[in-house]
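The file my_file_23.txt comes next; it holds compact mmCIF, C-alpha atoms.
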```txt
# COMPACT_ATOMS: atom_id res chain seq x y z
CA MET E 1 0.00 0.00 0.00
CA LYS E 2 1.43 3.40 -0.94
CA ILE E 3 2.35 5.78 1.87
CA ILE E 4 2.73 9.49 2.45
CA ASP E 5 5.18 10.40 5.23
CA ALA E 6 4.56 13.88 6.63
CA HIS E 7 7.96 14.41 8.28
CA CYS E 8 11.58 13.34 8.05
CA ASP E 9 14.92 15.01 8.82
CA ALA E 10 17.00 13.60 5.98
CA LEU E 11 18.07 17.08 4.83
CA TYR E 12 19.51 17.82 8.27
CA ARG E 13 21.44 14.54 8.18
CA LEU E 14 22.71 15.23 4.66
CA HIS E 15 23.83 18.69 5.73
CA GLN E 16 25.60 17.34 8.81
CA ASN E 17 27.47 14.73 6.78
CA GLN E 18 27.82 15.63 3.13
CA LYS E 19 29.53 12.33 2.36
CA LEU E 20 26.11 10.67 2.64
CA ARG E 21 24.26 9.77 -0.56
CA PHE E 22 20.49 10.09 -0.55
CA ALA E 23 20.30 7.25 -3.06
CA ASP E 24 21.59 4.50 -0.83
CA SER E 25 23.61 5.56 2.25
CA GLU E 26 22.68 3.05 4.91
CA GLU E 27 23.01 5.70 7.63
CA LEU E 28 19.89 7.42 6.30
CA GLN E 29 16.56 6.02 7.44
CA THR E 30 14.87 7.68 4.47
CA ASN E 31 17.19 7.08 1.53
CA LEU E 32 15.71 6.43 -1.92
CA LYS E 33 16.27 2.69 -1.76
CA LYS E 34 14.39 2.43 1.53
CA LEU E 35 11.54 4.67 0.34
CA ILE E 36 11.04 2.40 -2.66
CA THR E 37 11.12 -0.76 -0.53
CA GLY E 38 8.64 0.74 1.93
CA GLU E 39 6.35 1.96 -0.87
CA VAL E 40 6.56 5.58 0.29
CA TYR E 41 5.37 7.57 -2.70
CA ILE E 42 5.43 11.04 -1.16
CA GLN E 43 8.02 12.17 1.39
CA LEU E 44 7.97 15.52 3.14
CA PHE E 45 11.49 16.79 3.86
CA ALA E 46 11.92 19.20 6.77
CA VAL E 47 14.43 22.02 6.78
CA PHE E 48 15.67 22.10 10.36
CA VAL E 49 18.49 24.35 11.60
CA ASP E 50 20.19 23.45 14.87
CA PRO E 51 19.29 25.94 17.66
CA GLU E 52 23.00 26.41 18.37
CA VAL E 53 23.57 28.02 14.96
CA LYS E 54 23.95 31.80 15.32
CA SER E 55 20.85 33.76 14.39
CA ASP E 56 22.48 35.63 11.51
CA GLU E 57 23.66 32.34 9.98
CA LYS E 58 20.42 30.35 10.17
CA PHE E 59 18.88 31.46 6.90
CA ASN E 60 22.01 30.52 4.97
CA VAL E 61 22.06 27.10 6.63
CA ALA E 62 18.43 26.64 5.61
CA LEU E 63 19.33 27.59 2.04
CA ASP E 64 22.20 25.09 2.14
CA GLN E 65 19.75 22.34 3.07
CA ILE E 66 17.38 23.38 0.30
CA SER E 67 20.32 23.32 -2.10
CA LEU E 68 21.04 19.73 -1.00
CA PHE E 69 17.37 18.92 -1.58
CA HIS E 70 17.83 19.98 -5.20
CA THR E 71 21.34 18.63 -5.84
CA GLU E 72 21.46 15.44 -3.76
CA VAL E 73 17.81 14.35 -3.50
CA LEU E 74 16.36 15.50 -6.84
CA ALA E 75 19.13 15.95 -9.41
CA LYS E 76 20.87 12.63 -8.72
CA ASN E 77 17.67 10.59 -8.48
CA PRO E 78 15.28 11.01 -11.44
CA ALA E 79 12.56 9.07 -9.62
CA MET E 80 12.29 11.91 -7.08
CA LYS E 81 9.92 14.66 -8.27
CA LYS E 82 9.61 18.00 -6.52
CA ILE E 83 6.08 18.99 -5.57
CA SER E 84 5.82 22.78 -5.79
CA PHE E 85 2.02 22.90 -6.07
CA TRP E 86 -0.39 20.55 -4.34
CA GLU E 87 -2.09 19.43 -7.55
CA GLU E 88 1.25 18.10 -8.83
CA ILE E 89 0.80 15.13 -6.50
CA ASP E 90 -1.94 13.92 -8.84
CA GLN E 91 0.46 14.11 -11.81
CA LEU E 92 3.03 11.65 -10.43
CA ASN E 93 3.68 8.69 -12.69
CA LYS E 94 4.10 5.10 -11.55
CA GLY E 95 7.54 4.68 -9.97
CA GLU E 96 7.93 8.37 -9.15
CA ILE E 97 8.20 9.65 -5.57
CA GLY E 98 6.97 13.11 -4.68
CA ALA E 99 9.30 15.29 -2.59
CA ILE E 100 7.89 18.19 -0.60
CA LEU E 101 9.84 20.82 1.34
CA THR E 102 8.75 21.88 4.83
CA LEU E 103 10.22 24.20 7.46
CA GLU E 104 10.63 23.29 11.13
CA GLY E 105 11.19 26.55 13.02
CA ALA E 106 10.51 30.16 12.01
CA ASP E 107 13.74 31.30 13.66
CA VAL E 108 15.30 30.60 10.26
CA PHE E 109 13.85 33.84 8.88
CA GLY E 110 13.72 35.85 12.13
CA ASN E 111 11.44 38.81 11.53
CA ASP E 112 12.29 39.17 7.84
CA ILE E 113 9.10 38.45 5.89
CA ASN E 114 11.00 38.71 2.60
CA LYS E 115 13.03 35.69 3.65
CA LEU E 116 9.79 33.85 4.39
CA ARG E 117 8.47 34.77 0.95
CA THR E 118 11.69 33.38 -0.54
CA LEU E 119 11.08 30.09 1.26
CA TYR E 120 7.56 29.94 -0.18
CA GLN E 121 9.00 30.56 -3.65
CA LEU E 122 11.52 27.76 -3.13
CA GLY E 123 8.65 25.38 -2.48
CA VAL E 124 8.07 25.21 1.29
CA LYS E 125 4.52 23.82 1.66
CA SER E 126 4.31 23.37 5.44
CA LEU E 127 5.68 25.57 8.20
CA GLY E 128 6.14 24.76 11.87
CA LEU E 129 6.45 28.01 13.81
CA THR E 130 8.84 26.58 16.40
CA TRP E 131 11.03 23.69 17.32
CA ASN E 132 11.20 23.26 21.11
CA GLN E 133 12.59 26.70 21.92
CA ALA E 134 11.02 30.15 21.68
CA ASN E 135 11.55 32.46 18.73
CA LEU E 136 10.10 35.74 17.48
CA CYS E 137 6.89 34.02 16.36
CA ALA E 138 5.97 31.84 19.34
CA ASP E 139 7.09 29.64 22.21
CA GLY E 140 7.91 25.98 21.69
CA VAL E 141 7.06 23.18 24.09
CA GLY E 142 10.45 23.52 25.76
CA GLU E 143 10.00 27.18 26.71
CA LEU E 144 8.86 27.33 30.36
CA ARG E 145 7.09 30.65 29.78
CA GLY E 146 4.59 28.84 27.56
CA ALA E 147 3.41 31.93 25.72
CA GLY E 148 1.36 31.87 22.54
CA LEU E 149 1.83 33.56 19.19
CA THR E 150 3.34 37.01 18.85
CA GLU E 151 1.93 39.51 16.38
CA LEU E 152 4.63 38.35 13.97
CA GLY E 153 3.56 34.75 14.50
CA LYS E 154 -0.03 35.66 13.71
CA GLU E 155 1.12 37.40 10.53
CA VAL E 156 3.03 34.29 9.49
CA VAL E 157 -0.04 32.09 9.98
CA GLN E 158 -2.04 34.44 7.77
CA LEU E 159 0.68 34.32 5.12
CA ASN E 160 0.57 30.51 5.29
CA ASN E 161 -3.17 30.72 4.64
CA ASP E 162 -2.61 33.04 1.68
CA HIS E 163 0.05 30.76 0.17
CA LEU E 164 -1.87 27.49 0.73
CA VAL E 165 0.76 26.33 3.21
CA PHE E 166 0.12 24.11 6.24
CA THR E 167 0.72 25.61 9.69
CA ASP E 168 2.30 22.78 11.68
CA VAL E 169 1.67 22.74 15.46
CA SER E 170 4.04 19.91 16.34
CA HIS E 171 6.61 21.37 18.80
CA LEU E 172 4.42 24.41 19.55
CA SER E 173 3.45 25.47 23.09
CA GLU E 174 -0.12 24.65 24.07
CA LYS E 175 -1.12 28.31 24.17
CA GLY E 176 0.47 28.75 20.76
CA PHE E 177 -1.54 25.78 19.55
CA TRP E 178 -4.81 27.42 20.52
CA ASP E 179 -3.78 30.67 18.88
CA VAL E 180 -3.12 28.75 15.67
CA MET E 181 -6.52 27.08 15.88
CA GLU E 182 -8.14 30.50 15.83
CA LEU E 183 -6.18 31.74 12.81
CA ALA E 184 -5.02 28.88 10.57
CA ASP E 185 -6.98 27.67 7.59
CA PHE E 186 -4.73 24.61 7.22
CA PRO E 187 -3.49 23.44 10.66
CA ILE E 188 -1.73 20.10 11.06
CA ALA E 189 0.46 18.23 13.52
CA SER E 190 2.98 16.59 11.22
CA HIS E 191 4.59 14.33 13.83
CA SER E 192 2.83 14.05 17.20
CA ASN E 193 1.07 11.40 19.27
CA SER E 194 -1.53 11.27 22.05
CA LYS E 195 -0.66 12.68 25.46
CA THR E 196 -3.37 10.48 26.97
CA ILE E 197 -1.45 7.37 25.90
CA CYS E 198 2.06 8.76 26.50
CA ASN E 199 2.45 11.82 28.70
CA HIS E 200 5.23 13.56 26.78
CA ARG E 201 5.35 17.31 26.23
CA ARG E 202 5.51 16.78 22.46
CA ASN E 203 2.20 14.97 22.35
CA LEU E 204 -1.32 16.36 22.05
CA THR E 205 -4.15 16.38 24.59
CA ASP E 206 -7.53 15.00 23.60
CA GLN E 207 -8.85 18.56 23.39
CA GLN E 208 -6.07 19.54 21.00
CA ALA E 209 -6.61 16.48 18.83
CA GLN E 210 -10.35 17.10 18.60
CA ALA E 211 -9.77 20.76 17.75
CA LEU E 212 -7.52 19.71 14.85
CA PHE E 213 -10.14 17.27 13.60
CA GLU E 214 -12.85 19.94 13.78
CA LYS E 215 -10.65 22.34 11.79
CA GLU E 216 -10.14 19.68 9.08
CA GLY E 217 -6.50 19.19 10.03
CA PHE E 218 -4.61 15.95 10.48
CA ILE E 219 -2.18 14.33 12.92
CA GLY E 220 0.81 12.40 11.62
CA VAL E 221 1.54 9.74 14.21
CA VAL E 222 5.25 9.74 14.97
CA TYR E 223 7.54 6.70 15.27
CA CYS E 224 9.72 8.06 18.10
CA PRO E 225 9.59 5.57 21.03
CA ASP E 226 9.80 8.38 23.62
CA PHE E 227 6.52 9.77 22.24
CA ILE E 228 4.86 6.34 22.07
CA LYS E 229 5.39 4.68 25.44
CA ASN E 230 6.08 6.22 28.83
CA ASP E 231 8.69 3.69 29.90
CA GLY E 232 10.68 3.69 26.67
CA GLY E 233 11.01 0.98 24.07
CA ALA E 234 8.08 0.60 21.70
CA THR E 235 6.50 -1.88 19.32
CA ILE E 236 4.16 -1.34 16.39
CA SER E 237 1.33 -2.43 18.69
CA ASP E 238 2.26 0.39 21.08
CA LEU E 239 2.14 2.90 18.21
CA MET E 240 -1.24 1.60 17.17
CA LYS E 241 -2.65 2.48 20.59
CA HIS E 242 -2.26 6.12 19.60
CA ILE E 243 -4.12 5.51 16.34
CA ASP E 244 -6.84 3.65 18.25
CA HIS E 245 -7.20 6.53 20.67
CA PHE E 246 -7.34 9.21 17.99
CA CYS E 247 -10.00 7.12 16.20
CA SER E 248 -12.02 7.00 19.43
CA LEU E 249 -11.99 10.81 19.41
CA GLY E 250 -13.47 10.91 15.91
CA GLY E 251 -10.19 11.12 14.01
CA VAL E 252 -10.40 8.15 11.64
CA HIS E 253 -10.35 10.52 8.64
CA HIS E 254 -7.68 12.77 10.17
CA ILE E 255 -4.87 10.32 11.01
CA CYS E 256 -1.74 10.29 8.85
CA LEU E 257 1.85 9.10 9.23
CA GLY E 258 4.77 11.31 10.28
CA SER E 259 7.73 9.04 10.90
CA ASP E 260 10.36 11.62 12.01
CA PHE E 261 12.94 9.27 10.50
CA ASP E 262 16.48 10.65 10.56
CA GLY E 263 15.45 12.82 13.52
CA ILE E 264 14.81 10.20 16.22
CA PRO E 265 17.43 8.77 18.62
CA SER E 266 15.84 5.31 18.82
CA VAL E 267 13.39 3.27 16.77
CA VAL E 268 10.23 1.19 17.04
CA GLN E 269 10.79 -2.55 16.85
CA ASP E 270 10.31 -3.70 13.22
CA LEU E 271 9.87 -0.09 12.11
CA ALA E 272 13.50 1.04 12.06
CA ASP E 273 13.48 2.91 8.75
CA ALA E 274 11.38 3.66 5.68
CA SER E 275 12.03 0.20 4.21
CA GLN E 276 9.92 -1.33 7.01
CA SER E 277 6.93 0.97 6.53
CA GLN E 278 4.74 -1.87 5.27
CA SER E 279 5.16 -3.64 8.62
CA LEU E 280 2.95 -0.94 10.12
CA ILE E 281 0.45 -1.20 7.25
CA ASN E 282 0.23 -4.97 7.58
CA GLU E 283 -0.45 -4.71 11.30
CA LEU E 284 -3.07 -2.01 10.76
CA LEU E 285 -4.87 -4.21 8.22
CA LYS E 286 -5.41 -6.82 10.96
CA HIS E 287 -7.43 -4.33 13.00
CA TYR E 288 -8.97 -1.83 10.58
CA LYS E 289 -10.89 -1.93 7.32
CA GLU E 290 -8.73 -1.62 4.22
CA GLU E 291 -10.34 1.71 3.31
CA GLU E 292 -9.49 3.09 6.76
CA VAL E 293 -5.88 1.96 6.47
CA LYS E 294 -5.64 3.58 3.04
CA GLY E 295 -6.81 6.74 4.78
CA PHE E 296 -4.06 6.55 7.38
CA ALA E 297 -1.45 5.67 4.76
CA TYR E 298 -2.16 8.39 2.20
CA ARG E 299 -5.79 9.37 1.52
CA ASN E 300 -6.34 11.47 4.64
CA PHE E 301 -3.32 13.56 3.70
CA LEU E 302 -4.57 14.02 0.15
CA ASN E 303 -8.04 14.93 1.36
CA HIS E 304 -6.67 17.66 3.62
CA ARG E 305 -4.38 19.39 1.15
CA PRO E 306 -4.83 23.17 1.19
CA VAL E 307 -7.20 24.44 -1.45
CA LYS E 308 -8.37 27.90 -2.34
CA GLY E 309 -11.52 28.94 -0.52
```
Step by step, read the file and then write its structure as structure tokens.
Amino acid sequence: MKIIDAHCDALYRLHQNQKLRFADSEELQTNLKKLITGEVYIQLFAVFVDPEVKSDEKFNVALDQISLFHTEVLAKNPAMKKISFWEEIDQLNKGEIGAILTLEGADVFGNDINKLRTLYQLGVKSLGLTWNQANLCADGVGELRGAGLTELGKEVVQLNNDHLVFTDVSHLSEKGFWDVMELADFPIASHSNSKTICNHRRNLTDQQAQALFEKEGFIGVVYCPDFIKNDGGATISDLMKHIDHFCSLGGVHHICLGSDFDGIPSVVQDLADASQSQSLINELLKHYKEEEVKGFAYRNFLNHRPVKG
């Protein structure tokens, strides 16, 4: 069954070690070979800049990662096709894999809206306002202050709306989350799980999950064991408990997959990289109708793509 993965950090890994090859470097959890084996037909690639990078250098680091997206991911691998407009997903041919740019952290552009517009022009289709720290747009989950969106952050959400770009609430403070719910036309959580099942700061409360469902957003369940099970270590069955719970809240048509491959320190048993993606699908098919599993795997994402009002 084909799969859409809403989040990976392969560009960060490629930038950290430019000896890696996207085509087949075993160190990458989302290399081309593994995507093909796992039947991932659309992969979203996050641009993530380490918080330790100096503020005036962050935009250039982001551009470096986007350059690697074009030179290492696309140019060297004809099967990879850049998705610049949502409708291009429907134009993919058999054997082609769609590649979509996203941004994880608005600190990359600071308060320079022209830089943000450049990122839109380069193809960024989803934008997470924060990583764990605070920036000029909002507080992340790791900021003890826990404030919501600034005026700049609200402006960015509106620009996302105007450009048919997702506003991603994964990593955002809870107050920031609720601010986004008031403003965003296209809110998502690209890689988050249920706080009811695993009480981690990166997960979502039932109220947050239901708010996303009501706003026609989606949640990409994440394969990071720390976000799956309170006592560490996780199996596919443990991950499925989060899907079960979101379904119980009315989210059967709003659940997607957001692996966070190449950005997680440990892995789920039998779900160690993109090549094993069908292990999750096969387990889901034992418990859900095929049409529901197709929803989780790719249809829910397609059905919630931003469209003009």
TODO: Name all residues at most 9 Å from Ala99 of chain E (count all atoms listed in the file; drop same-chain ones fewer than 3 positions away) and give them as a PyMOL selection string.
DONE: chain E and resi 41-45+69+73-74+80-84
- [ ] Identify which of the residues E:Ile66, E:Ala6, E:Val293, E:Ile100 lies closest to Phe218 of chain E, counting only C-alpha atoms when measuring atom-to-atom distances.
- [x] E:Ala6
Task: Which residue of E:Gln65, E:Ser173, E:Thr102, E:Gln276 approaches Ala134 of chain E most closely, using only C-alpha atoms - done: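 Closest to Ala134 of chain E, using only C-alpha atoms: E:Ser173.
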- [ ] Please provide as a list in words all residues within 7 Å of Leu149 of chain E, with the sequence filter that same-chain residues fewer than 3 positions apart are discarded (counting all atoms listed in the file).
- [x] Cys137, Ala138, Gly153, Lys154, Gly176 and Asp179 of chain E
Contacts of segment 247-252 of chain E at 9 Å or less, counting only C-alpha atoms, minus same-chain residues fewer than 3 places along, as a JSON list (two decimals) with C-alpha atoms, in the coordinates of the input?
```
[["chain", "number", "residue", "atom", "x", "y", "z"],
["E", 206, "ASP", "CA", -7.53, 15.00, 23.60],
["E", 209, "ALA", "CA", -6.61, 16.48, 18.83],
["E", 210, "GLN", "CA", -10.35, 17.10, 18.60],
["E", 213, "PHE", "CA", -10.14, 17.27, 13.60],
["E", 218, "PHE", "CA", -4.61, 15.95, 10.48],
["E", 219, "ILE", "CA", -2.18, 14.33, 12.92],
["E", 242, "HIS", "CA", -2.26, 6.12, 19.60],
["E", 243, "ILE", "CA", -4.12, 5.51, 16.34],
["E", 244, "ASP", "CA", -6.84, 3.65, 18.25],
["E", 255, "ILE", "CA", -4.87, 10.32, 11.01],
["E", 292, "GLU", "CA", -9.49, 3.09, 6.76],
["E", 295, "GLY", "CA", -6.81, 6.74, 4.78],
["E", 296, "PHE", "CA", -4.06, 6.55, 7.38],
["E", 300, "ASN", "CA", -6.34, 11.47, 4.64]]
```
Task: Residue nearest Trp86 of chain E - candidates E:Val157, E:Glu72, E:Asp56, E:Ser126, atoms counted: only C-alpha atoms - done: E:Ser126
TODO: Rounded to one decimal place, report the atom CA of Tyr298 of chain E-atom CA of Ile4 of chain E distance in Å.
DONE: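 One can read the atom CA of Tyr298 of chain E to atom CA of Ile4 of chain E distance as 5.0 Å.
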